[in-house]
file my_file.tsv (TSV, C-alpha atoms and all ligand atoms)
chain	number	residue	atom	x	y	z
A	1	MET	CA	38.84	-3.12	5.83
A	2	GLU	CA	38.08	-6.70	5.04
A	3	LYS	CA	35.55	-7.30	2.30
A	4	LYS	CA	32.12	-8.61	3.20
A	5	LYS	CA	31.61	-12.08	1.76
A	6	ILE	CA	28.24	-12.45	0.11
A	7	SER	CA	26.39	-15.22	-1.72
A	8	ILE	CA	23.42	-14.59	-3.97
A	9	ILE	CA	20.67	-17.15	-4.34
A	10	GLY	CA	18.84	-16.25	-7.52
A	11	SER	CA	21.56	-14.15	-9.14
A	12	THR	CA	20.07	-14.29	-12.65
A	13	GLY	CA	16.65	-12.94	-11.65
A	14	SER	CA	15.43	-9.36	-11.47
A	15	ILE	CA	16.69	-8.68	-7.91
A	16	GLY	CA	19.84	-10.77	-8.39
A	17	THR	CA	21.03	-8.90	-11.47
A	18	GLN	CA	20.34	-5.54	-9.81
A	19	ALA	CA	22.21	-6.70	-6.71
A	20	LEU	CA	25.23	-7.46	-8.89
A	21	GLU	CA	25.03	-3.93	-10.32
A	22	VAL	CA	25.16	-2.60	-6.75
A	23	ILE	CA	28.05	-4.91	-5.84
A	24	GLU	CA	29.98	-3.94	-8.95
A	25	LYS	CA	29.75	-0.33	-7.80
A	26	LEU	CA	30.88	-1.36	-4.30
A	27	LYS	CA	33.51	-3.89	-5.37
A	28	ASP	CA	36.02	-2.77	-2.75
A	29	LYS	CA	33.43	-3.63	-0.08
A	30	PHE	CA	32.18	-7.02	-1.28
A	31	GLU	CA	33.52	-10.34	-2.39
A	32	ILE	CA	31.13	-12.81	-3.97
A	33	LEU	CA	31.45	-16.23	-2.41
A	34	ALA	CA	28.73	-18.00	-4.39
A	35	LEU	CA	26.24	-17.33	-7.14
A	36	ALA	CA	23.19	-19.54	-7.56
A	37	GLY	CA	20.81	-19.35	-10.48
A	38	GLY	CA	18.13	-21.50	-12.04
A	39	SER	CA	18.30	-22.61	-15.65
A	40	ASN	CA	19.76	-19.51	-17.29
A	41	THR	CA	23.29	-20.95	-17.27
A	42	GLU	CA	24.44	-18.59	-20.01
A	43	LEU	CA	23.88	-15.54	-17.83
A	44	LEU	CA	25.13	-17.36	-14.75
A	45	LYS	CA	28.38	-18.16	-16.54
A	46	LYS	CA	28.79	-14.53	-17.61
A	47	GLN	CA	28.21	-13.36	-14.04
A	48	ALA	CA	30.66	-15.93	-12.70
A	49	GLU	CA	33.38	-14.92	-15.14
A	50	LYS	CA	32.98	-11.33	-14.06
A	51	PHE	CA	32.61	-11.73	-10.28
A	52	LYS	CA	34.73	-14.88	-9.82
A	53	PRO	CA	32.79	-16.66	-7.06
A	54	LYS	CA	34.23	-19.78	-5.42
A	55	TYR	CA	30.95	-21.65	-5.90
A	56	ILE	CA	28.33	-21.64	-8.60
A	57	CYS	CA	25.04	-23.47	-8.28
A	58	HIS	CA	22.62	-24.04	-11.12
A	59	ASN	CA	19.50	-26.01	-11.75
A	60	SER	CA	19.82	-26.89	-15.39
A	61	THR	CA	20.35	-30.18	-17.20
A	62	SER	CA	23.08	-28.64	-19.33
A	63	GLN	CA	26.74	-28.67	-18.33
A	64	LEU	CA	28.33	-25.62	-16.77
A	65	THR	CA	32.04	-25.07	-16.31
A	66	VAL	CA	33.75	-21.94	-15.09
A	67	SER	CA	37.46	-22.10	-14.34
A	68	GLY	CA	38.35	-21.68	-10.69
A	69	ALA	CA	34.83	-22.30	-9.44
A	70	LYS	CA	33.26	-25.35	-7.89
A	71	ILE	CA	30.04	-26.20	-9.68
A	72	LEU	CA	27.11	-27.26	-7.54
A	73	HIS	CA	23.66	-28.38	-8.52
A	74	GLY	CA	20.06	-28.03	-7.33
A	75	SER	CA	18.85	-27.91	-3.75
A	76	ASP	CA	21.87	-29.87	-2.44
A	77	GLY	CA	24.06	-27.16	-3.93
A	78	LEU	CA	22.00	-24.44	-2.25
A	79	GLU	CA	22.35	-26.27	1.08
A	80	GLU	CA	26.13	-26.41	0.66
A	81	ILE	CA	26.32	-22.68	-0.09
A	82	CYS	CA	24.02	-21.72	2.79
A	83	SER	CA	25.89	-23.79	5.36
A	84	ASN	CA	29.24	-22.24	4.43
A	85	LYS	CA	30.24	-20.15	7.44
A	86	GLU	CA	32.56	-18.04	5.31
A	87	ASN	CA	29.44	-16.09	4.30
A	88	ASP	CA	28.89	-12.78	6.07
A	89	ILE	CA	25.52	-12.36	4.41
A	90	ILE	CA	23.37	-14.25	1.92
A	91	LEU	CA	20.98	-12.48	-0.41
A	92	VAL	CA	17.98	-14.72	-0.98
A	93	ALA	CA	16.63	-13.31	-4.22
A	94	CYS	CA	15.09	-16.37	-5.85
A	95	SER	CA	11.34	-16.59	-6.12
A	96	GLY	CA	9.23	-19.47	-4.92
A	97	LYS	CA	9.37	-21.97	-2.08
A	98	ILE	CA	12.84	-23.10	-3.14
A	99	GLY	CA	14.10	-20.15	-1.05
A	100	LEU	CA	12.78	-21.44	2.25
A	101	LYS	CA	15.05	-24.34	3.18
A	102	PRO	CA	18.37	-22.70	2.22
A	103	THR	CA	17.33	-19.60	4.20
A	104	LEU	CA	16.71	-21.70	7.30
A	105	THR	CA	20.04	-23.46	6.80
A	106	ALA	CA	21.84	-20.11	6.62
A	107	ILE	CA	20.08	-18.88	9.76
A	108	LYS	CA	21.08	-22.04	11.65
A	109	ASN	CA	24.68	-21.32	10.61
A	110	ASN	CA	24.42	-17.80	12.08
A	111	ILE	CA	24.59	-16.10	8.67
A	112	ASN	CA	22.69	-12.83	8.20
A	113	ILE	CA	20.05	-12.79	5.48
A	114	ALA	CA	19.08	-10.09	3.01
A	115	LEU	CA	15.63	-11.33	2.13
A	116	ALA	CA	13.84	-10.70	-1.14
A	117	ASN	CA	12.07	-14.07	-1.32
A	118	LYS	CA	8.43	-13.66	-0.25
A	119	GLU	CA	7.61	-17.31	0.34
A	120	THR	CA	10.09	-17.59	3.19
A	121	LEU	CA	8.03	-15.42	5.52
A	122	VAL	CA	4.60	-16.03	4.01
A	123	MET	CA	4.94	-19.81	4.32
A	124	ALA	CA	7.04	-20.11	7.46
A	125	GLY	CA	7.33	-16.69	9.10
A	126	ASP	CA	6.93	-17.97	12.66
A	127	ILE	CA	9.65	-20.63	12.28
A	128	VAL	CA	12.04	-18.38	10.35
A	129	MET	CA	11.78	-15.45	12.77
A	130	SER	CA	12.08	-17.61	15.87
A	131	GLU	CA	15.18	-19.36	14.44
A	132	ALA	CA	16.62	-15.94	13.57
A	133	ARG	CA	16.10	-14.72	17.14
A	134	LYS	CA	17.58	-17.92	18.54
A	135	HIS	CA	20.72	-17.59	16.40
A	136	GLY	CA	21.04	-13.81	16.68
A	137	VAL	CA	20.69	-13.51	12.91
A	138	LYS	CA	19.41	-10.38	11.18
A	139	ILE	CA	16.74	-10.70	8.51
A	140	LEU	CA	17.23	-7.58	6.41
A	141	PRO	CA	14.32	-6.82	4.09
A	142	VAL	CA	15.01	-6.10	0.42
A	143	ASP	CA	11.46	-5.42	-0.71
A	144	SER	CA	11.06	-1.64	-1.10
A	145	GLU	CA	8.17	-1.35	1.37
A	146	HIS	CA	9.81	-3.33	4.14
A	147	SER	CA	13.12	-1.63	3.53
A	148	ALA	CA	11.33	1.69	3.90
A	149	ILE	CA	9.80	0.62	7.22
A	150	HIS	CA	13.16	-0.71	8.37
A	151	GLN	CA	14.72	2.66	7.52
A	152	CYS	CA	11.94	4.56	9.36
A	153	ILE	CA	11.98	2.60	12.61
A	154	LYS	CA	14.29	3.94	15.28
A	155	ASP	CA	12.50	2.96	18.48
A	156	ILE	CA	10.21	0.07	17.55
A	157	ASN	CA	8.45	0.11	20.94
A	158	PHE	CA	7.26	3.63	20.22
A	159	VAL	CA	5.77	2.78	16.82
A	160	ASP	CA	1.99	2.62	16.73
A	161	LYS	CA	1.39	1.34	13.23
A	162	LEU	CA	2.99	0.51	9.92
A	163	ILE	CA	1.71	2.15	6.75
A	164	ILE	CA	2.49	0.17	3.61
A	165	THR	CA	2.08	1.95	0.30
A	166	ALA	CA	0.86	0.31	-2.90
A	167	SER	CA	1.02	1.76	-6.38
A	168	GLY	CA	-2.35	0.18	-7.15
A	169	GLY	CA	-1.07	-1.55	-10.28
A	170	PRO	CA	-2.41	-1.17	-13.82
A	171	PHE	CA	-6.10	-1.50	-12.88
A	172	LEU	CA	-6.28	1.08	-10.11
A	173	HIS	CA	-8.93	3.26	-11.70
A	174	LYS	CA	-10.45	0.66	-13.98
A	175	THR	CA	-13.96	-0.67	-13.39
A	176	ILE	CA	-14.56	-4.07	-11.87
A	177	ASP	CA	-15.66	-5.33	-15.32
A	178	ASP	CA	-12.38	-4.17	-16.86
A	179	ILE	CA	-10.56	-6.10	-14.15
A	180	LYS	CA	-12.67	-9.20	-14.70
A	181	ASN	CA	-11.87	-9.16	-18.43
A	182	ALA	CA	-8.25	-8.07	-18.20
A	183	THR	CA	-5.82	-9.70	-20.61
A	184	VAL	CA	-2.43	-11.11	-19.63
A	185	GLU	CA	-0.80	-8.27	-21.54
A	186	GLU	CA	-2.73	-5.62	-19.59
A	187	ALA	CA	-1.94	-7.31	-16.28
A	188	LEU	CA	1.76	-7.43	-17.11
A	189	HIS	CA	1.89	-3.74	-17.86
A	190	HIS	CA	2.85	-2.37	-14.45
A	191	PRO	CA	2.95	1.45	-14.37
A	192	ARG	CA	5.89	1.84	-11.95
A	193	TRP	CA	8.03	-1.22	-11.49
A	194	ASN	CA	9.63	-3.62	-13.90
A	195	MET	CA	9.56	-7.05	-12.24
A	196	GLY	CA	9.13	-10.76	-12.91
A	197	LYS	CA	5.80	-11.98	-14.37
A	198	LYS	CA	4.39	-13.66	-11.27
A	199	ILE	CA	4.91	-10.65	-9.01
A	200	THR	CA	3.58	-8.32	-11.71
A	201	VAL	CA	0.29	-10.24	-11.82
A	202	ASP	CA	0.24	-10.18	-8.00
A	203	SER	CA	0.63	-6.41	-8.21
A	204	ALA	CA	-2.34	-6.21	-10.58
A	205	THR	CA	-4.61	-8.13	-8.18
A	206	LEU	CA	-2.96	-6.45	-5.15
A	207	MET	CA	-2.25	-9.94	-3.77
A	208	ASN	CA	1.35	-8.75	-3.73
A	209	LYS	CA	0.35	-6.16	-1.11
A	210	GLY	CA	-1.45	-8.88	0.80
A	211	LEU	CA	1.70	-11.01	0.90
A	212	GLU	CA	3.66	-7.94	2.00
A	213	ILE	CA	1.29	-7.38	4.93
A	214	ILE	CA	2.04	-10.94	6.10
A	215	GLU	CA	5.78	-10.38	5.67
A	216	ALA	CA	5.60	-7.10	7.61
A	217	HIS	CA	3.75	-8.83	10.45
A	218	HIS	CA	6.60	-11.34	10.80
A	219	LEU	CA	9.53	-8.97	10.17
A	220	PHE	CA	8.45	-6.26	12.57
A	221	GLY	CA	6.18	-8.17	14.96
A	222	PHE	CA	3.08	-5.99	14.47
A	223	ASP	CA	-0.54	-7.14	14.77
A	224	TYR	CA	-2.50	-7.14	11.53
A	225	ASP	CA	-4.74	-4.42	13.01
A	226	ASP	CA	-1.69	-2.16	13.14
A	227	ILE	CA	-0.62	-2.67	9.54
A	228	GLU	CA	-2.41	-0.41	7.09
A	229	VAL	CA	-2.32	-0.28	3.30
A	230	VAL	CA	-2.66	2.98	1.40
A	231	ILE	CA	-2.72	3.41	-2.37
A	232	HIS	CA	-0.08	5.81	-3.60
A	233	PRO	CA	0.13	5.74	-7.41
A	234	GLN	CA	3.41	7.68	-7.79
A	235	SER	CA	5.44	5.12	-5.79
A	236	ILE	CA	7.60	7.85	-4.26
A	237	VAL	CA	6.69	7.20	-0.62
A	238	HIS	CA	7.84	3.60	-0.20
A	239	SER	CA	6.13	3.13	3.19
A	240	ALA	CA	5.89	4.85	6.55
A	241	VAL	CA	5.53	4.33	10.29
A	242	GLU	CA	3.35	6.25	12.69
A	243	TYR	CA	4.78	6.83	16.16
A	244	LYS	CA	2.71	6.91	19.34
A	245	ASP	CA	3.15	10.70	19.57
A	246	GLY	CA	1.43	11.10	16.19
A	247	SER	CA	4.60	11.75	14.24
A	248	VAL	CA	4.78	9.94	10.90
A	249	ILE	CA	8.12	9.08	9.33
A	250	ALA	CA	8.17	7.97	5.72
A	251	GLN	CA	10.95	6.91	3.39
A	252	LEU	CA	10.86	8.51	-0.03
A	253	GLY	CA	12.82	8.15	-3.22
A	254	LEU	CA	12.51	7.65	-6.94
A	255	PRO	CA	11.37	4.07	-7.65
A	256	SER	CA	14.57	2.02	-7.82
A	257	MET	CA	15.36	-1.39	-6.34
A	258	HIS	CA	19.04	-0.50	-6.10
A	259	ILE	CA	18.44	1.49	-2.92
A	260	PRO	CA	16.67	-1.18	-0.85
A	261	ILE	CA	19.04	-3.91	-2.10
A	262	GLN	CA	22.04	-1.80	-1.19
A	263	TYR	CA	20.66	-0.79	2.20
A	264	ALA	CA	20.06	-4.44	3.08
A	265	ILE	CA	23.50	-5.72	2.12
A	266	THR	CA	25.49	-2.78	3.52
A	267	TYR	CA	23.43	-2.42	6.74
A	268	PRO	CA	24.15	-0.91	9.26
A	269	GLU	CA	26.25	1.27	6.97
A	270	ARG	CA	24.69	3.56	4.40
A	271	LEU	CA	26.89	3.95	1.33
A	272	GLU	CA	26.68	6.11	-1.74
A	273	GLY	CA	26.70	3.22	-4.24
A	274	ILE	CA	24.43	3.69	-7.23
A	275	LYS	CA	22.78	7.03	-6.72
A	276	SER	CA	19.88	7.74	-9.01
A	277	LYS	CA	19.30	11.32	-10.14
A	278	SER	CA	18.80	13.95	-7.48
A	279	PHE	CA	15.40	14.00	-5.80
A	280	SER	CA	13.18	16.99	-6.43
A	281	PHE	CA	9.87	17.54	-4.65
A	282	ALA	CA	9.12	20.34	-7.07
A	283	GLU	CA	9.58	18.08	-10.08
A	284	ILE	CA	7.38	15.37	-8.55
A	285	ALA	CA	4.90	18.15	-7.71
A	286	ARG	CA	2.24	15.96	-6.13
A	287	LEU	CA	1.81	12.83	-4.12
A	288	ASP	CA	-1.62	11.21	-4.06
A	289	PHE	CA	-3.05	8.78	-1.54
A	290	GLU	CA	-6.31	6.87	-1.38
A	291	LYS	CA	-7.92	3.97	0.41
A	292	PRO	CA	-7.65	0.60	-1.33
A	293	ASP	CA	-10.92	-0.58	-2.85
A	294	PHE	CA	-11.47	-4.01	-1.33
A	295	GLU	CA	-14.37	-4.74	-3.69
A	296	LYS	CA	-12.17	-4.36	-6.77
A	297	PHE	CA	-9.14	-5.88	-5.09
A	298	PRO	CA	-10.47	-8.49	-2.65
A	299	CYS	CA	-7.16	-10.38	-2.53
A	300	ILE	CA	-5.95	-7.95	0.17
A	301	LYS	CA	-8.86	-9.02	2.38
A	302	LEU	CA	-7.97	-12.68	1.82
A	303	ALA	CA	-4.39	-12.01	2.90
A	304	TYR	CA	-5.47	-10.22	6.08
A	305	HIS	CA	-7.76	-13.13	6.83
A	306	ALA	CA	-5.05	-15.72	6.20
A	307	GLY	CA	-2.57	-13.77	8.31
A	308	ARG	CA	-4.98	-13.43	11.23
A	309	THR	CA	-5.89	-17.11	11.03
A	310	GLY	CA	-2.20	-18.02	11.08
A	311	GLY	CA	-0.78	-21.56	10.86
A	312	THR	CA	-0.95	-23.09	7.39
A	313	SER	CA	-3.58	-20.58	6.27
A	314	THR	CA	-0.92	-18.39	4.66
A	315	VAL	CA	0.64	-21.49	3.04
A	316	CYS	CA	-2.73	-22.19	1.44
A	317	LEU	CA	-3.11	-18.56	0.33
A	318	ASN	CA	0.33	-18.53	-1.27
A	319	ALA	CA	0.13	-21.93	-3.00
A	320	ALA	CA	-3.39	-21.45	-4.37
A	321	ASN	CA	-2.50	-17.96	-5.56
A	322	GLU	CA	0.67	-19.04	-7.32
A	323	GLU	CA	-1.06	-21.89	-9.17
A	324	ALA	CA	-3.91	-19.57	-10.15
A	325	VAL	CA	-1.46	-16.91	-11.38
A	326	PHE	CA	0.32	-19.52	-13.53
A	327	ALA	CA	-3.03	-20.59	-14.97
A	328	PHE	CA	-3.85	-16.95	-15.73
A	329	LEU	CA	-0.49	-16.44	-17.43
A	330	ASP	CA	-1.20	-19.58	-19.49
A	331	GLY	CA	-4.48	-18.04	-20.61
A	332	LYS	CA	-6.55	-20.71	-18.82
A	333	ILE	CA	-8.48	-18.45	-16.44
A	334	LYS	CA	-9.42	-14.79	-16.08
A	335	LEU	CA	-7.69	-12.37	-13.76
A	336	TYR	CA	-10.56	-12.18	-11.28
A	337	ASP	CA	-10.70	-15.99	-11.13
A	338	ILE	CA	-7.45	-15.83	-9.18
A	339	TYR	CA	-9.38	-14.37	-6.28
A	340	THR	CA	-12.30	-16.80	-6.64
A	341	ILE	CA	-9.97	-19.78	-6.70
A	342	VAL	CA	-7.87	-18.70	-3.72
A	343	GLU	CA	-11.01	-17.88	-1.75
A	344	LYS	CA	-12.43	-21.33	-2.50
A	345	MET	CA	-9.21	-23.08	-1.49
A	346	MET	CA	-8.98	-21.10	1.74
A	347	SER	CA	-12.55	-21.77	2.79
A	348	SER	CA	-12.05	-25.54	2.51
A	349	HIS	CA	-8.54	-25.64	4.02
A	350	LYS	CA	-8.18	-27.32	7.42
A	351	VAL	CA	-5.64	-25.09	9.12
A	352	ILE	CA	-2.76	-26.66	11.05
A	353	GLN	CA	-1.50	-24.33	13.77
A	354	ASN	CA	2.24	-24.25	14.53
A	355	PRO	CA	3.13	-26.48	11.57
A	356	THR	CA	6.59	-28.02	11.13
A	357	ILE	CA	8.55	-27.33	7.96
A	358	ASP	CA	7.57	-30.76	6.62
A	359	GLU	CA	3.90	-30.08	7.29
A	360	ILE	CA	4.26	-26.72	5.52
A	361	PHE	CA	5.69	-28.40	2.43
A	362	SER	CA	3.08	-31.14	2.39
A	363	VAL	CA	0.23	-28.62	2.75
A	364	ASP	CA	1.83	-26.58	-0.03
A	365	ALA	CA	1.94	-29.62	-2.34
A	366	ALA	CA	-1.61	-30.70	-1.51
A	367	ILE	CA	-3.05	-27.21	-2.08
A	368	ARG	CA	-1.25	-26.92	-5.43
A	369	GLU	CA	-2.68	-30.27	-6.53
A	370	GLN	CA	-6.23	-29.31	-5.48
A	371	THR	CA	-5.93	-25.88	-7.07
A	372	LYS	CA	-4.85	-27.42	-10.38
A	373	ASN	CA	-7.85	-29.74	-10.21
A	374	ILE	CA	-10.25	-26.88	-9.59
A	375	ILE	CA	-8.74	-25.02	-12.55
A	376	LYS	CA	-9.12	-28.11	-14.76
A	377	GLN	CA	-12.80	-28.29	-13.89
A	378	MET	CA	-13.20	-24.62	-14.82
A	379	ILE	CA	-11.80	-24.89	-18.33
B	401	MN	MN	7.13	-4.50	-2.79
call {"tool": "encode", "arguments": {"input": "my_file.tsv", "output": "structure tokens", "more": "lines below"}}
Ligand code: MN
result
Amino acid sequence: MEKKKISIIGSTGSIGTQALEVIEKLKDKFEILALAGGSNTELLKKQAEKFKPKYICHNSTSQLTVSGAKILHGSDGLEEICSNKENDIILVACSGKIGLKPTLTAIKNNINIALANKETLVMAGDIVMSEARKHGVKILPVDSEHSAIHQCIKDINFVDKLIITASGGPFLHKTIDDIKNATVEEALHHPRWNMGKKITVDSATLMNKGLEIIEAHHLFGFDYDDIEVVIHPQSIVHSAVEYKDGSVIAQLGLPSMHIPIQYAITYPERLEGIKSKSFSFAEIARLDFEKPDFEKFPCIKLAYHAGRTGGTSTVCLNAANEEAVFAFLDGKIKLYDIYTIVEKMMSSHKVIQNPTIDEIFSVDAAIREQTKNIIKQMI
């Protein structure tokens, strides 16, 4: 069988490195066409020497040479990789809005996408999904919750609602005052998943779950009223769907990103790959579920509101949140201020419905600027 040609955008990040672990295990199934990373050229070079891609793209000012590979740079380099029709699939694993344009380019070149980048659907879900339909391209979710839903859906027309689980993050059973005074260190201490800093803070405020609701709406075409969030601290049930006959199908497993990454890139096949230790209900013993507390975690409400409003509302939510999270990580604001700031930005935002990609980027830039100004006034 011919090997599947894959490119990874964001190969040096948390998802990218785990994807390479999966691919190493499945090396008779995959050939890496291109690896793209940011500024960690040392790791990128190591990866390139091991996996021997034809193209390497980086975003650093330092020089990078790897024998046998063409070196590309920045967003032009990403465009070149994503328009290369040799690709069977591209894993978009970078974080931030830099993922959006290359993803659209790949879709327009009829290349399937394994999507881990949140901004792509949160900022431009309508455009991305309609281009994907037009080009017959599959958008395969990598995030554990959406992968779970993807694995649970057989007959989508018979599904009544999506149930997205959330671990609840480090402040689940803390008081609202604890949350208001949380330190960066406390917020970065996620009980279940080891991830990048930005997403870990989003998991502490539950904004991450809010962004996932918006992604689920676009990926699976469900109304926001039919997407429910439930807190499940053990992170064993990765999400579920309820069918019209009342049957609920959930996907379970020990918390590991290898499984959803592998399912996305090998779909529609299911391969053994990296198998974690055997699953034991008896060892897990109990699974708990509870309603999310919207008073303690109001960011979920903001995300539902932005999603229902549509247009550039979700662009505003995402941009204001990201700037506020950076300010929190820099020690400039408190954790709860993230919510206050995003709420303030959203209430003054003039929503553009059906925005173009250029409008999306200009709203994104404007919101970031205004958010930084608000933060400056606060400190
Ligand atoms: Mn997730």
call {"tool": "closest_residue", "arguments": {"input": "my_file.tsv", "among": "A:Ile236, A:Leu35, A:Thr12, A:Lys108", "to": "Glu131 of chain A", "atoms": "only C-alpha atoms"}}
result
A:Lys108
call {"tool": "closest_residue", "arguments": {"input": "my_file.tsv", "among": "A:Ala327, A:Ile227, A:Ala148, A:Val363", "to": "ligand MN 401 (chain B)", "atoms": "all atoms listed in the file"}}
result
A:Ala148
call {"tool": "closest_residue", "arguments": {"input": "my_file.tsv", "among": "A:Phe361, A:Ile164, A:Gln63, A:Ala114", "to": "Leu100 of chain A", "atoms": "only C-alpha atoms"}}
result
A:Phe361
call {"tool": "residues_near_ligand", "arguments": {"input": "my_file.tsv", "ligand": "ligand MN 401 (chain B)", "cutoff": "7 Å", "atoms": "only C-alpha atoms and all ligand atoms", "output": "list in words"}}
result
Asp143, Ser144, Glu145 and Glu212 of chain A
call {"tool": "residues_near_point", "arguments": {"input": "my_file.tsv", "point": "(17.8, -11.6, 13.6)", "cutoff": "12 Å", "atoms": "all atoms listed in the file", "output": "PDB file with C-alpha atoms, in the coordinates of the input"}}
result
ATOM      1  CA  LEU A 104      16.710 -21.700   7.300  1.00  0.00           C
ATOM      2  CA  ALA A 106      21.840 -20.110   6.620  1.00  0.00           C
ATOM      3  CA  ILE A 107      20.080 -18.880   9.760  1.00  0.00           C
ATOM      4  CA  LYS A 108      21.080 -22.040  11.650  1.00  0.00           C
ATOM      5  CA  ASN A 110      24.420 -17.800  12.080  1.00  0.00           C
ATOM      6  CA  ILE A 111      24.590 -16.100   8.670  1.00  0.00           C
ATOM      7  CA  ASN A 112      22.690 -12.830   8.200  1.00  0.00           C
ATOM      8  CA  ILE A 113      20.050 -12.790   5.480  1.00  0.00           C
ATOM      9  CA  ALA A 114      19.080 -10.090   3.010  1.00  0.00           C
ATOM     10  CA  LEU A 115      15.630 -11.330   2.130  1.00  0.00           C
ATOM     11  CA  VAL A 128      12.040 -18.380  10.350  1.00  0.00           C
ATOM     12  CA  MET A 129      11.780 -15.450  12.770  1.00  0.00           C
ATOM     13  CA  SER A 130      12.080 -17.610  15.870  1.00  0.00           C
ATOM     14  CA  GLU A 131      15.180 -19.360  14.440  1.00  0.00           C
ATOM     15  CA  ALA A 132      16.620 -15.940  13.570  1.00  0.00           C
ATOM     16  CA  ARG A 133      16.100 -14.720  17.140  1.00  0.00           C
ATOM     17  CA  LYS A 134      17.580 -17.920  18.540  1.00  0.00           C
ATOM     18  CA  HIS A 135      20.720 -17.590  16.400  1.00  0.00           C
ATOM     19  CA  GLY A 136      21.040 -13.810  16.680  1.00  0.00           C
ATOM     20  CA  VAL A 137      20.690 -13.510  12.910  1.00  0.00           C
ATOM     21  CA  LYS A 138      19.410 -10.380  11.180  1.00  0.00           C
ATOM     22  CA  ILE A 139      16.740 -10.700   8.510  1.00  0.00           C
ATOM     23  CA  LEU A 140      17.230  -7.580   6.410  1.00  0.00           C
ATOM     24  CA  PRO A 141      14.320  -6.820   4.090  1.00  0.00           C
ATOM     25  CA  HIS A 218       6.600 -11.340  10.800  1.00  0.00           C
ATOM     26  CA  LEU A 219       9.530  -8.970  10.170  1.00  0.00           C
ATOM     27  CA  PHE A 220       8.450  -6.260  12.570  1.00  0.00           C
TER      28      PHE A 220
END
call {"tool": "axis_aligned_box", "arguments": {"input": "my_file.tsv", "around": "segment 43-49 of chain A", "padding_each_side": "6 Å", "output": "lines of an AutoDock Vina configuration file"}}
result
center_x = 28.6
center_y = -15.8
center_z = -15.3
size_x = 21.5
size_y = 16.8
size_z = 17.1
call {"tool": "residues_around", "arguments": {"input": "my_file.tsv", "residues": "Val241 of chain A", "least_positions_apart": "3", "cutoff": "9 Å", "atoms": "all atoms listed in the file", "output": "PyMOL selection string"}}
result
chain A and resi 149+152-153+159-164+247-250
call {"tool": "residues_around", "arguments": {"input": "my_file.tsv", "residues": "Ile333 of chain A", "least_positions_apart": "5", "cutoff": "10 Å", "atoms": "all atoms listed in the file", "output": "count of residues only"}}
result
11
call {"tool": "residues_near_point", "arguments": {"input": "my_file.tsv", "point": "(24.7, -24.9, 1.9)", "cutoff": "10 Å", "atoms": "only C-alpha atoms", "output": "list of chain:residue names"}}
result
A:Ser75, A:Asp76, A:Gly77, A:Leu78, A:Glu79, A:Glu80, A:Ile81, A:Cys82, A:Ser83, A:Asn84, A:Lys85, A:Lys101, A:Pro102, A:Thr103, A:Thr105, A:Ala106, A:Asn109
call {"tool": "closest_residue", "arguments": {"input": "my_file.tsv", "among": "A:Glu185, A:Glu21, A:Glu2, A:Glu323", "to": "Gly273 of chain A", "atoms": "all atoms listed in the file"}}
result
A:Glu21
call {"tool": "residues_around", "arguments": {"input": "my_file.tsv", "residues": "Met345 of chain A", "least_positions_apart": "3", "cutoff": "8 Å", "atoms": "all atoms listed in the file", "output": "compact mmCIF listing (two decimals) with C-alpha atoms, keeping the file's coordinate frame"}}
result
# COMPACT_ATOMS: atom_id res chain seq x y z
CA CYS A 316 -2.73 -22.19 1.44
CA LEU A 317 -3.11 -18.56 0.33
CA ALA A 320 -3.39 -21.45 -4.37
CA ILE A 341 -9.97 -19.78 -6.70
CA VAL A 342 -7.87 -18.70 -3.72
CA SER A 348 -12.05 -25.54 2.51
CA HIS A 349 -8.54 -25.64 4.02
CA ILE A 367 -3.05 -27.21 -2.08
CA GLN A 370 -6.23 -29.31 -5.48
CA THR A 371 -5.93 -25.88 -7.07
call {"tool": "atom_distance", "arguments": {"input": "my_file.tsv", "atom1": "atom CA of Glu295 of chain A", "atom2": "atom CA of Val229 of chain A"}}
result
14.6 Å
call {"tool": "atom_distance", "arguments": {"input": "my_file.tsv", "atom1": "atom CA of Leu64 of chain A", "atom2": "atom CA of Ala93 of chain A"}}
result
21.1 Å
call {"tool": "closest_residue", "arguments": {"input": "my_file.tsv", "among": "A:Ile357, A:Lys3, A:Asn194, A:Arg308", "to": "Asp226 of chain A", "atoms": "all atoms listed in the file"}}
result
A:Arg308
call {"tool": "closest_residue", "arguments": {"input": "my_file.tsv", "among": "A:Thr205, A:Leu172, A:Tyr263, A:Thr183", "to": "Ile231 of chain A", "atoms": "only C-alpha atoms"}}
result
A:Leu172
call {"tool": "atom_distance", "arguments": {"input": "my_file.tsv", "atom1": "atom CA of Asn87 of chain A", "atom2": "atom CA of Lys5 of chain A"}}
result
5.2 Å
call {"tool": "residues_around", "arguments": {"input": "my_file.tsv", "residues": "Asn354 of chain A", "least_positions_apart": "3", "cutoff": "12 Å", "atoms": "all atoms listed in the file", "output": "list of chain:residue names"}}
result
A:Met123, A:Ala124, A:Gly125, A:Asp126, A:Ile127, A:Ser130, A:Thr309, A:Gly310, A:Gly311, A:Thr312, A:Ser313, A:Thr314, A:Val315, A:Val351, A:Ile357, A:Asp358, A:Glu359, A:Ile360
call {"tool": "residues_around", "arguments": {"input": "my_file.tsv", "residues": "Lys301 of chain A", "least_positions_apart": "6", "cutoff": "12 Å", "atoms": "all atoms listed in the file", "output": "JSON, numbers by chain"}}
result
{"A": [205, 206, 207, 208, 209, 210, 211, 213, 214, 224, 228, 229, 292, 293, 294, 295, 307, 308, 317, 339, 342, 343]}
